[in-house]
$ cat query_36.cif   # mmCIF, C-alpha atoms
data_input
#
loop_
_atom_site.group_PDB
_atom_site.id
_atom_site.type_symbol
_atom_site.label_atom_id
_atom_site.label_comp_id
_atom_site.auth_asym_id
_atom_site.auth_seq_id
_atom_site.Cartn_x
_atom_site.Cartn_y
_atom_site.Cartn_z
ATOM 1 C CA MET Q 1 -25.478 26.426 -14.072
ATOM 2 C CA ILE Q 2 -24.386 22.810 -13.554
ATOM 3 C CA PRO Q 3 -20.770 21.934 -14.360
ATOM 4 C CA ASP Q 4 -19.830 18.846 -16.343
ATOM 5 C CA GLY Q 5 -19.713 15.639 -14.364
ATOM 6 C CA GLU Q 6 -18.182 12.220 -14.865
ATOM 7 C CA LEU Q 7 -20.240 10.100 -17.276
ATOM 8 C CA LEU Q 8 -21.314 6.869 -15.565
ATOM 9 C CA ARG Q 9 -23.705 5.491 -18.178
ATOM 10 C CA SER Q 10 -25.261 6.456 -21.483
ATOM 11 C CA ARG Q 11 -27.886 4.328 -23.184
ATOM 12 C CA VAL Q 12 -31.304 4.261 -24.708
ATOM 13 C CA VAL Q 13 -33.808 2.869 -22.229
ATOM 14 C CA SER Q 14 -37.456 1.961 -22.562
ATOM 15 C CA ALA Q 15 -38.088 2.316 -18.817
ATOM 16 C CA LEU Q 16 -36.502 4.702 -16.316
ATOM 17 C CA SER Q 17 -37.084 2.629 -13.162
ATOM 18 C CA PRO Q 18 -33.774 0.733 -13.371
ATOM 19 C CA ALA Q 19 -31.822 3.928 -14.066
ATOM 20 C CA LEU Q 20 -33.456 5.839 -11.190
ATOM 21 C CA GLU Q 21 -32.993 2.832 -8.916
ATOM 22 C CA ASP Q 22 -29.307 2.708 -9.876
ATOM 23 C CA ALA Q 23 -28.892 6.364 -8.847
ATOM 24 C CA LEU Q 24 -30.627 5.657 -5.534
ATOM 25 C CA ASP Q 25 -28.534 2.545 -4.834
ATOM 26 C CA ARG Q 26 -25.319 4.433 -5.635
ATOM 27 C CA GLU Q 27 -26.459 7.294 -3.370
ATOM 28 C CA LEU Q 28 -25.401 9.396 -6.337
ATOM 29 C CA ASP Q 29 -24.594 13.059 -6.213
ATOM 30 C CA GLY Q 30 -24.888 14.129 -9.820
ATOM 31 C CA TYR Q 31 -27.372 14.521 -12.615
ATOM 32 C CA ALA Q 32 -29.073 12.810 -15.530
ATOM 33 C CA LEU Q 33 -29.861 14.078 -18.999
ATOM 34 C CA VAL Q 34 -33.084 12.539 -20.286
ATOM 35 C CA SER Q 35 -34.064 12.944 -23.932
ATOM 36 C CA PRO Q 36 -37.429 11.535 -25.033
ATOM 37 C CA ARG Q 37 -38.021 9.539 -28.200
ATOM 38 C CA ASN Q 38 -38.841 12.557 -30.379
ATOM 39 C CA ALA Q 39 -35.581 14.253 -29.351
ATOM 40 C CA LEU Q 40 -33.571 11.145 -30.271
ATOM 41 C CA LEU Q 41 -34.181 11.957 -33.930
ATOM 42 C CA ASP Q 42 -33.819 15.742 -33.502
ATOM 43 C CA SER Q 43 -30.929 17.906 -32.409
ATOM 44 C CA GLY Q 44 -31.279 16.768 -28.814
ATOM 45 C CA ASN Q 45 -31.980 20.260 -27.438
ATOM 46 C CA ASP Q 46 -35.320 19.149 -26.019
ATOM 47 C CA ARG Q 47 -34.285 17.273 -22.896
ATOM 48 C CA GLY Q 48 -34.774 17.083 -19.198
ATOM 49 C CA VAL Q 49 -32.127 17.550 -16.546
ATOM 50 C CA ILE Q 50 -32.638 15.786 -13.240
ATOM 51 C CA THR Q 51 -30.182 16.253 -10.381
ATOM 52 C CA PHE Q 52 -29.589 13.807 -7.561
ATOM 53 C CA GLU Q 53 -28.574 14.335 -3.966
ATOM 54 C CA SER Q 54 -27.552 11.109 -2.228
ATOM 55 C CA GLY Q 55 -29.417 9.203 -4.939
ATOM 56 C CA VAL Q 56 -32.663 11.135 -4.587
ATOM 57 C CA ALA Q 57 -33.947 13.090 -7.602
ATOM 58 C CA THR Q 58 -34.040 16.632 -6.221
ATOM 59 C CA LEU Q 59 -34.361 19.037 -9.127
ATOM 60 C CA ALA Q 60 -35.839 18.934 -12.634
ATOM 61 C CA TYR Q 61 -35.459 21.325 -15.542
ATOM 62 C CA HIS Q 62 -36.570 21.040 -19.170
ATOM 63 C CA THR Q 63 -34.359 22.758 -21.747
ATOM 64 C CA GLY Q 64 -37.014 22.970 -24.442
ATOM 65 C CA THR Q 65 -39.771 24.570 -22.380
ATOM 66 C CA ASP Q 66 -37.529 26.359 -19.862
ATOM 67 C CA ARG Q 67 -39.709 25.063 -17.041
ATOM 68 C CA GLY Q 68 -38.515 23.645 -13.753
ATOM 69 C CA GLY Q 69 -39.843 21.511 -10.936
ATOM 70 C CA PRO Q 70 -42.779 19.123 -11.426
ATOM 71 C CA PRO Q 71 -43.863 20.784 -14.723
ATOM 72 C CA ALA Q 72 -40.441 19.925 -16.176
ATOM 73 C CA LEU Q 73 -41.074 16.239 -15.461
ATOM 74 C CA ALA Q 74 -44.308 16.429 -17.452
ATOM 75 C CA ASP Q 75 -42.430 18.091 -20.343
ATOM 76 C CA ILE Q 76 -39.895 15.269 -20.685
ATOM 77 C CA GLY Q 77 -42.246 13.118 -22.743
ATOM 78 C CA SER Q 78 -42.503 9.377 -23.157
ATOM 79 C CA PRO Q 79 -40.024 6.540 -23.734
ATOM 80 C CA PRO Q 80 -37.769 5.415 -25.144
ATOM 81 C CA TYR Q 81 -35.263 7.809 -23.613
ATOM 82 C CA GLN Q 82 -31.613 8.551 -24.199
ATOM 83 C CA PHE Q 83 -30.445 8.461 -20.576
ATOM 84 C CA GLU Q 84 -27.057 9.796 -19.507
ATOM 85 C CA LEU Q 85 -26.047 9.591 -15.846
ATOM 86 C CA TYR Q 86 -23.235 11.755 -14.477
ATOM 87 C CA ALA Q 87 -21.494 11.857 -11.083
ATOM 88 C CA LEU Q 88 -20.713 15.300 -9.704
ATOM 89 C CA ALA Q 89 -19.518 16.508 -6.319
ATOM 90 C CA ALA Q 90 -22.384 17.510 -4.028
ATOM 91 C CA GLU Q 91 -20.818 20.944 -3.507
ATOM 92 C CA ALA Q 92 -21.217 21.691 -7.225
ATOM 93 C CA LEU Q 93 -24.970 21.115 -6.922
ATOM 94 C CA GLU Q 94 -25.463 23.092 -3.729
ATOM 95 C CA LEU Q 95 -26.540 26.323 -5.457
ATOM 96 C CA PRO Q 96 -28.937 24.733 -7.974
ATOM 97 C CA HIS Q 97 -30.518 22.664 -5.196
ATOM 98 C CA ARG Q 98 -31.412 25.882 -3.378
ATOM 99 C CA THR Q 99 -33.523 27.057 -6.353
ATOM 100 C CA GLU Q 100 -37.028 26.305 -5.094
ATOM 101 C CA THR Q 101 -38.727 26.671 -8.494
ATOM 102 C CA LEU Q 102 -36.667 23.742 -9.821
ATOM 103 C CA ARG Q 103 -37.101 21.375 -6.867
ATOM 104 C CA ILE Q 104 -39.249 18.264 -7.110
ATOM 105 C CA PRO Q 105 -40.738 16.249 -4.261
ATOM 106 C CA PRO Q 106 -39.001 13.003 -3.310
ATOM 107 C CA GLY Q 107 -40.307 10.159 -5.441
ATOM 108 C CA ALA Q 108 -41.822 12.450 -8.096
ATOM 109 C CA ALA Q 109 -39.412 11.363 -10.845
ATOM 110 C CA ALA Q 110 -40.083 7.687 -10.092
ATOM 111 C CA GLU Q 111 -43.851 8.220 -10.155
ATOM 112 C CA ARG Q 112 -44.161 10.571 -13.114
ATOM 113 C CA LEU Q 113 -41.427 9.346 -15.447
ATOM 114 C CA ALA Q 114 -41.221 5.685 -14.529
ATOM 115 C CA GLY Q 115 -44.718 5.034 -13.164
ATOM 116 C CA ASP Q 116 -43.057 3.118 -10.327
ATOM 117 C CA ALA Q 117 -44.911 3.599 -7.025
ATOM 118 C CA GLU Q 118 -42.688 1.080 -5.221
ATOM 119 C CA LEU Q 119 -39.504 2.944 -6.186
ATOM 120 C CA ALA Q 120 -41.133 6.243 -5.216
ATOM 121 C CA ALA Q 121 -41.885 4.795 -1.768
ATOM 122 C CA ARG Q 122 -38.245 3.631 -1.447
ATOM 123 C CA VAL Q 123 -37.057 7.135 -2.327
ATOM 124 C CA ARG Q 124 -39.356 8.719 0.254
ATOM 125 C CA ALA Q 125 -38.186 6.238 2.896
ATOM 126 C CA ALA Q 126 -34.549 7.066 2.085
ATOM 127 C CA VAL Q 127 -35.287 10.774 2.457
ATOM 128 C CA ALA Q 128 -37.067 10.202 5.774
ATOM 129 C CA ASP Q 129 -34.118 8.170 7.102
ATOM 130 C CA ASP Q 130 -31.615 10.747 5.861
ATOM 131 C CA GLY Q 131 -33.747 13.578 7.250
ATOM 132 C CA ASP Q 132 -33.526 12.101 10.752
ATOM 133 C CA GLU Q 133 -29.728 11.863 10.473
ATOM 134 C CA ARG Q 134 -29.507 15.365 9.018
ATOM 135 C CA SER Q 135 -31.622 16.943 11.750
ATOM 136 C CA GLU Q 136 -29.454 15.289 14.402
ATOM 137 C CA ARG Q 137 -26.285 16.391 12.585
ATOM 138 C CA ASP Q 138 -27.664 19.919 12.148
ATOM 139 C CA ALA Q 139 -28.441 20.125 15.873
ATOM 140 C CA VAL Q 140 -24.913 18.994 16.790
ATOM 141 C CA GLU Q 141 -23.353 21.421 14.288
ATOM 142 C CA ALA Q 142 -25.475 24.280 15.618
ATOM 143 C CA PHE Q 143 -24.422 23.451 19.164
ATOM 144 C CA LEU Q 144 -20.730 23.276 18.243
ATOM 145 C CA GLU Q 145 -20.987 26.638 16.491
ATOM 146 C CA ASN Q 146 -22.275 28.136 19.759
ATOM 147 C CA GLU Q 147 -18.885 29.080 21.192
ATOM 148 C CA ALA Q 148 -20.314 30.282 24.511
ATOM 149 C CA ALA Q 149 -21.979 26.928 25.211
ATOM 150 C CA VAL Q 150 -18.833 24.995 24.269
ATOM 151 C CA SER Q 151 -16.729 27.299 26.445
ATOM 152 C CA ASP Q 152 -19.119 26.811 29.387
ATOM 153 C CA ILE Q 153 -18.817 23.039 29.049
ATOM 154 C CA ARG Q 154 -15.005 23.246 28.921
ATOM 155 C CA ASP Q 155 -14.926 25.450 32.013
ATOM 156 C CA ALA Q 156 -17.269 23.121 33.894
ATOM 157 C CA ALA Q 157 -15.200 20.081 32.875
ATOM 158 C CA ARG Q 158 -11.960 21.799 33.937
ATOM 159 C CA THR Q 159 -13.454 22.769 37.327
ATOM 160 C CA ASP Q 160 -14.774 19.248 37.825
ATOM 161 C CA ALA Q 161 -11.388 17.722 36.905
ATOM 162 C CA LEU Q 162 -9.551 20.006 39.354
ATOM 163 C CA GLU Q 163 -11.989 19.129 42.146
ATOM 164 C CA ARG Q 164 -11.561 15.400 41.523
ATOM 165 C CA ALA Q 165 -7.781 15.751 41.358
ATOM 166 C CA GLU Q 166 -7.830 17.462 44.731
ATOM 167 C CA GLU Q 167 -10.215 14.796 46.110
ATOM 168 C CA TRP Q 168 -7.923 11.994 44.985
ATOM 169 C CA GLY Q 169 -4.774 13.649 46.222
ATOM 170 C CA PHE Q 170 -3.369 14.668 42.865
ATOM 171 C CA SER Q 171 -3.397 18.411 43.563
ATOM 172 C CA GLU Q 172 0.389 18.387 44.158
ATOM 173 C CA ALA Q 173 0.987 16.865 40.719
ATOM 174 C CA LEU Q 174 -1.135 19.565 39.122
ATOM 175 C CA GLU Q 175 0.942 22.339 40.693
ATOM 176 C CA GLU Q 176 4.199 21.000 39.188
#

$ encode --input "query_36.cif" --output "structure tokens"
Amino acid sequence: MIPDGELLRSRVVSALSPALEDALDRELDGYALVSPRNALLDSGNDRGVITFESGVATLAYHTGTDRGGPPALADIGSPPYQFELYALAAEALELPHRTETLRIPPGAAAERLAGDAELAARVRAAVADDGDERSERDAVEAFLENEAAVSDIRDAARTDALERAEEWGFSEALEE
């Protein structure tokens, strides 16, 4: 479901806060593979997948339990973790991010996996800031997609320009 990304880091960590903070600071589009301590000695099939959108953990899935969303975070287990961080184009994650059963609330990974309330608050603040920009951008995009409204504005601007040209004595130049 998620294509291979570019490996940015792979290491065993005893705490996930620095790794999650790194993703947030990078405003990463990508994903992380998180294997708990018991999976480090096994085949590694029991791991969590966490995706990021602009650095915010957005989706969680656990390969061993086949559960998604907040329950997948609980299934990941306790440290130390093998943590692999991958960059991936946002477009490649668009479809998985629309799967509601896999989505996690902003800050949930920081709270549940890292026990870091401060980082969770930073994540929520980043989402709130981005949400304001997105809603403004969405409103502008919706307006620009409304061809009738854009056409009306062009017509009004053209009429206004012709009236001013006539007012200022440029009507002869417009006829040529």

$ closest_residue --input "query_36.cif" --among "Q:Ala157, Q:Leu24, Q:Val127, Q:Ile76" --to "Arg37 in chain Q" --atoms "all atoms listed in the file"
Q:Ile76

$ residues_around --input "query_36.cif" --residues "range 56-65 of chain Q" --least-positions-apart "3" --cutoff "9 Å" --atoms "all atoms listed in the file" --output "PyMOL selection string"
chain Q and resi 20+23-24+27-29+31+45-53+68-73+75-76+96-97+99-110+123-124+126-127

$ write_last_selection --input "query_36.cif" --atoms "C-alpha atoms" --output "PDB file, keeping the file's coordinate frame"
ATOM      1  CA  LEU Q  20     -33.456   5.839 -11.190  1.00  0.00           C
ATOM      2  CA  ALA Q  23     -28.892   6.364  -8.847  1.00  0.00           C
ATOM      3  CA  LEU Q  24     -30.627   5.657  -5.534  1.00  0.00           C
ATOM      4  CA  GLU Q  27     -26.459   7.294  -3.370  1.00  0.00           C
ATOM      5  CA  LEU Q  28     -25.401   9.396  -6.337  1.00  0.00           C
ATOM      6  CA  ASP Q  29     -24.594  13.059  -6.213  1.00  0.00           C
ATOM      7  CA  TYR Q  31     -27.372  14.521 -12.615  1.00  0.00           C
ATOM      8  CA  ASN Q  45     -31.980  20.260 -27.438  1.00  0.00           C
ATOM      9  CA  ASP Q  46     -35.320  19.149 -26.019  1.00  0.00           C
ATOM     10  CA  ARG Q  47     -34.285  17.273 -22.896  1.00  0.00           C
ATOM     11  CA  GLY Q  48     -34.774  17.083 -19.198  1.00  0.00           C
ATOM     12  CA  VAL Q  49     -32.127  17.550 -16.546  1.00  0.00           C
ATOM     13  CA  ILE Q  50     -32.638  15.786 -13.240  1.00  0.00           C
ATOM     14  CA  THR Q  51     -30.182  16.253 -10.381  1.00  0.00           C
ATOM     15  CA  PHE Q  52     -29.589  13.807  -7.561  1.00  0.00           C
ATOM     16  CA  GLU Q  53     -28.574  14.335  -3.966  1.00  0.00           C
ATOM     17  CA  GLY Q  68     -38.515  23.645 -13.753  1.00  0.00           C
ATOM     18  CA  GLY Q  69     -39.843  21.511 -10.936  1.00  0.00           C
ATOM     19  CA  PRO Q  70     -42.779  19.123 -11.426  1.00  0.00           C
ATOM     20  CA  PRO Q  71     -43.863  20.784 -14.723  1.00  0.00           C
ATOM     21  CA  ALA Q  72     -40.441  19.925 -16.176  1.00  0.00           C
ATOM     22  CA  LEU Q  73     -41.074  16.239 -15.461  1.00  0.00           C
ATOM     23  CA  ASP Q  75     -42.430  18.091 -20.343  1.00  0.00           C
ATOM     24  CA  ILE Q  76     -39.895  15.269 -20.685  1.00  0.00           C
ATOM     25  CA  PRO Q  96     -28.937  24.733  -7.974  1.00  0.00           C
ATOM     26  CA  HIS Q  97     -30.518  22.664  -5.196  1.00  0.00           C
ATOM     27  CA  THR Q  99     -33.523  27.057  -6.353  1.00  0.00           C
ATOM     28  CA  GLU Q 100     -37.028  26.305  -5.094  1.00  0.00           C
ATOM     29  CA  THR Q 101     -38.727  26.671  -8.494  1.00  0.00           C
ATOM     30  CA  LEU Q 102     -36.667  23.742  -9.821  1.00  0.00           C
ATOM     31  CA  ARG Q 103     -37.101  21.375  -6.867  1.00  0.00           C
ATOM     32  CA  ILE Q 104     -39.249  18.264  -7.110  1.00  0.00           C
ATOM     33  CA  PRO Q 105     -40.738  16.249  -4.261  1.00  0.00           C
ATOM     34  CA  PRO Q 106     -39.001  13.003  -3.310  1.00  0.00           C
ATOM     35  CA  GLY Q 107     -40.307  10.159  -5.441  1.00  0.00           C
ATOM     36  CA  ALA Q 108     -41.822  12.450  -8.096  1.00  0.00           C
ATOM     37  CA  ALA Q 109     -39.412  11.363 -10.845  1.00  0.00           C
ATOM     38  CA  ALA Q 110     -40.083   7.687 -10.092  1.00  0.00           C
ATOM     39  CA  VAL Q 123     -37.057   7.135  -2.327  1.00  0.00           C
ATOM     40  CA  ARG Q 124     -39.356   8.719   0.254  1.00  0.00           C
ATOM     41  CA  ALA Q 126     -34.549   7.066   2.085  1.00  0.00           C
ATOM     42  CA  VAL Q 127     -35.287  10.774   2.457  1.00  0.00           C
TER      43      VAL Q 127
END

$ closest_residue --input "query_36.cif" --among "Q:Ala15, Q:Ser54, Q:Asp155, Q:Ala117" --to "Ala89 in chain Q" --atoms "all atoms listed in the file"
Q:Ser54

$ closest_residue --input "query_36.cif" --among "Q:Asp25, Q:Leu95, Q:Glu84, Q:Ala74" --to "Glu111 in chain Q" --atoms "all atoms listed in the file"
Q:Ala74

$ atom_distance --input "query_36.cif" --atom1 "CA of Val12 in chain Q" --atom2 "CA of Phe83 in chain Q"
6.0 Å

$ atom_distance --input "query_36.cif" --atom1 "CA of Arg122 in chain Q" --atom2 "CA of Gly55 in chain Q"
11.0 Å

$ atom_distance --input "query_36.cif" --atom1 "CA of Ser35 in chain Q" --atom2 "CA of Ala114 in chain Q"
13.9 Å

$ closest_residue --input "query_36.cif" --among "Q:Glu167, Q:Tyr81, Q:Pro36, Q:Arg154" --to "Ser14 in chain Q" --atoms "only C-alpha atoms"
Q:Tyr81

$ closest_residue --input "query_36.cif" --among "Q:Glu166, Q:Glu6, Q:Met1, Q:Leu33" --to "Leu88 in chain Q" --atoms "only C-alpha atoms"
Q:Glu6

$ resolve_selection --input "query_36.cif" --expression "the PyMOL selection byres ((chain Q and resi 4) around 9)" --output "PyMOL selection string"
chain Q and resi 2-3+5-7+86-88

$ write_last_selection --input "query_36.cif" --atoms "C-alpha atoms" --output "mmCIF file, keeping the file's coordinate frame"
data_model
loop_
_atom_site.group_PDB
_atom_site.id
_atom_site.type_symbol
_atom_site.label_atom_id
_atom_site.label_comp_id
_atom_site.auth_asym_id
_atom_site.auth_seq_id
_atom_site.Cartn_x
_atom_site.Cartn_y
_atom_site.Cartn_z
ATOM 1 C CA ILE Q 2 -24.386 22.810 -13.554
ATOM 2 C CA PRO Q 3 -20.770 21.934 -14.360
ATOM 3 C CA GLY Q 5 -19.713 15.639 -14.364
ATOM 4 C CA GLU Q 6 -18.182 12.220 -14.865
ATOM 5 C CA LEU Q 7 -20.240 10.100 -17.276
ATOM 6 C CA TYR Q 86 -23.235 11.755 -14.477
ATOM 7 C CA ALA Q 87 -21.494 11.857 -11.083
ATOM 8 C CA LEU Q 88 -20.713 15.300 -9.704
#

$ build_atoms --input "query_36.cif" --residues "range 9-38 of chain Q" --atoms "N, CA and C atoms" --output "PDB file, in the frame of the given file"
ATOM      1  N   ARG Q   9     -22.999   6.354 -17.243  1.00  0.00           N
ATOM      2  CA  ARG Q   9     -23.705   5.491 -18.178  1.00  0.00           C
ATOM      3  C   ARG Q   9     -24.427   6.349 -19.206  1.00  0.00           C
ATOM      4  N   SER Q  10     -24.531   5.801 -20.411  1.00  0.00           N
ATOM      5  CA  SER Q  10     -25.261   6.456 -21.483  1.00  0.00           C
ATOM      6  C   SER Q  10     -25.889   5.362 -22.334  1.00  0.00           C
ATOM      7  N   ARG Q  11     -27.215   5.351 -22.385  1.00  0.00           N
ATOM      8  CA  ARG Q  11     -27.886   4.328 -23.184  1.00  0.00           C
ATOM      9  C   ARG Q  11     -29.320   4.741 -23.459  1.00  0.00           C
ATOM     10  N   VAL Q  12     -29.891   4.085 -24.414  1.00  0.00           N
ATOM     11  CA  VAL Q  12     -31.304   4.261 -24.708  1.00  0.00           C
ATOM     12  C   VAL Q  12     -32.055   3.246 -23.850  1.00  0.00           C
ATOM     13  N   VAL Q  13     -33.047   3.739 -23.125  1.00  0.00           N
ATOM     14  CA  VAL Q  13     -33.808   2.869 -22.229  1.00  0.00           C
ATOM     15  C   VAL Q  13     -35.296   3.005 -22.538  1.00  0.00           C
ATOM     16  N   SER Q  14     -36.010   1.926 -22.352  1.00  0.00           N
ATOM     17  CA  SER Q  14     -37.456   1.961 -22.562  1.00  0.00           C
ATOM     18  C   SER Q  14     -38.201   2.209 -21.252  1.00  0.00           C
ATOM     19  N   ALA Q  15     -37.503   2.065 -20.133  1.00  0.00           N
ATOM     20  CA  ALA Q  15     -38.088   2.316 -18.817  1.00  0.00           C
ATOM     21  C   ALA Q  15     -37.027   2.988 -17.935  1.00  0.00           C
ATOM     22  N   LEU Q  16     -37.458   3.973 -17.165  1.00  0.00           N
ATOM     23  CA  LEU Q  16     -36.502   4.702 -16.316  1.00  0.00           C
ATOM     24  C   LEU Q  16     -36.341   4.118 -14.921  1.00  0.00           C
ATOM     25  N   SER Q  17     -37.196   3.195 -14.519  1.00  0.00           N
ATOM     26  CA  SER Q  17     -37.084   2.629 -13.162  1.00  0.00           C
ATOM     27  C   SER Q  17     -35.691   2.100 -12.850  1.00  0.00           C
ATOM     28  N   PRO Q  18     -35.103   1.246 -13.707  1.00  0.00           N
ATOM     29  CA  PRO Q  18     -33.774   0.733 -13.371  1.00  0.00           C
ATOM     30  C   PRO Q  18     -32.716   1.838 -13.260  1.00  0.00           C
ATOM     31  N   ALA Q  19     -32.804   2.843 -14.107  1.00  0.00           N
ATOM     32  CA  ALA Q  19     -31.822   3.928 -14.066  1.00  0.00           C
ATOM     33  C   ALA Q  19     -31.974   4.768 -12.795  1.00  0.00           C
ATOM     34  N   LEU Q  20     -33.216   5.068 -12.410  1.00  0.00           N
ATOM     35  CA  LEU Q  20     -33.456   5.839 -11.190  1.00  0.00           C
ATOM     36  C   LEU Q  20     -33.088   5.021  -9.950  1.00  0.00           C
ATOM     37  N   GLU Q  21     -33.358   3.729 -10.016  1.00  0.00           N
ATOM     38  CA  GLU Q  21     -32.993   2.832  -8.916  1.00  0.00           C
ATOM     39  C   GLU Q  21     -31.475   2.745  -8.771  1.00  0.00           C
ATOM     40  N   ASP Q  22     -30.770   2.727  -9.887  1.00  0.00           N
ATOM     41  CA  ASP Q  22     -29.307   2.708  -9.876  1.00  0.00           C
ATOM     42  C   ASP Q  22     -28.768   3.955  -9.176  1.00  0.00           C
ATOM     43  N   ALA Q  23     -29.324   5.119  -9.494  1.00  0.00           N
ATOM     44  CA  ALA Q  23     -28.892   6.364  -8.847  1.00  0.00           C
ATOM     45  C   ALA Q  23     -29.143   6.305  -7.341  1.00  0.00           C
ATOM     46  N   LEU Q  24     -30.293   5.775  -6.957  1.00  0.00           N
ATOM     47  CA  LEU Q  24     -30.627   5.657  -5.534  1.00  0.00           C
ATOM     48  C   LEU Q  24     -29.673   4.700  -4.834  1.00  0.00           C
ATOM     49  N   ASP Q  25     -29.424   3.540  -5.440  1.00  0.00           N
ATOM     50  CA  ASP Q  25     -28.534   2.545  -4.834  1.00  0.00           C
ATOM     51  C   ASP Q  25     -27.104   3.061  -4.711  1.00  0.00           C
ATOM     52  N   ARG Q  26     -26.670   3.850  -5.676  1.00  0.00           N
ATOM     53  CA  ARG Q  26     -25.319   4.433  -5.635  1.00  0.00           C
ATOM     54  C   ARG Q  26     -25.219   5.594  -4.645  1.00  0.00           C
ATOM     55  N   GLU Q  27     -26.395   6.075  -4.170  1.00  0.00           N
ATOM     56  CA  GLU Q  27     -26.459   7.294  -3.370  1.00  0.00           C
ATOM     57  C   GLU Q  27     -25.734   8.409  -4.121  1.00  0.00           C
ATOM     58  N   LEU Q  28     -26.085   8.523  -5.394  1.00  0.00           N
ATOM     59  CA  LEU Q  28     -25.401   9.396  -6.337  1.00  0.00           C
ATOM     60  C   LEU Q  28     -25.625  10.869  -6.057  1.00  0.00           C
ATOM     61  N   ASP Q  29     -24.544  11.608  -6.091  1.00  0.00           N
ATOM     62  CA  ASP Q  29     -24.594  13.059  -6.213  1.00  0.00           C
ATOM     63  C   ASP Q  29     -24.235  13.311  -7.662  1.00  0.00           C
ATOM     64  N   GLY Q  30     -25.140  13.911  -8.409  1.00  0.00           N
ATOM     65  CA  GLY Q  30     -24.888  14.129  -9.820  1.00  0.00           C
ATOM     66  C   GLY Q  30     -26.156  14.508 -10.543  1.00  0.00           C
ATOM     67  N   TYR Q  31     -26.212  14.144 -11.817  1.00  0.00           N
ATOM     68  CA  TYR Q  31     -27.372  14.521 -12.615  1.00  0.00           C
ATOM     69  C   TYR Q  31     -27.558  13.538 -13.771  1.00  0.00           C
ATOM     70  N   ALA Q  32     -28.750  13.618 -14.354  1.00  0.00           N
ATOM     71  CA  ALA Q  32     -29.073  12.810 -15.530  1.00  0.00           C
ATOM     72  C   ALA Q  32     -29.616  13.734 -16.612  1.00  0.00           C
ATOM     73  N   LEU Q  33     -29.271  13.421 -17.836  1.00  0.00           N
ATOM     74  CA  LEU Q  33     -29.861  14.078 -18.999  1.00  0.00           C
ATOM     75  C   LEU Q  33     -30.798  13.061 -19.624  1.00  0.00           C
ATOM     76  N   VAL Q  34     -32.065  13.450 -19.792  1.00  0.00           N
ATOM     77  CA  VAL Q  34     -33.084  12.539 -20.286  1.00  0.00           C
ATOM     78  C   VAL Q  34     -33.707  13.148 -21.540  1.00  0.00           C
ATOM     79  N   SER Q  35     -33.496  12.480 -22.659  1.00  0.00           N
ATOM     80  CA  SER Q  35     -34.064  12.944 -23.932  1.00  0.00           C
ATOM     81  C   SER Q  35     -35.139  11.957 -24.360  1.00  0.00           C
ATOM     82  N   PRO Q  36     -36.358  12.438 -24.629  1.00  0.00           N
ATOM     83  CA  PRO Q  36     -37.429  11.535 -25.033  1.00  0.00           C
ATOM     84  C   PRO Q  36     -37.275  11.081 -26.475  1.00  0.00           C
ATOM     85  N   ARG Q  37     -38.134  10.165 -26.882  1.00  0.00           N
ATOM     86  CA  ARG Q  37     -38.021   9.539 -28.200  1.00  0.00           C
ATOM     87  C   ARG Q  37     -38.000  10.545 -29.337  1.00  0.00           C
ATOM     88  N   ASN Q  38     -38.820  11.604 -29.278  1.00  0.00           N
ATOM     89  CA  ASN Q  38     -38.841  12.557 -30.379  1.00  0.00           C
ATOM     90  C   ASN Q  38     -37.541  13.358 -30.457  1.00  0.00           C
TER      91      ASN Q  38
END
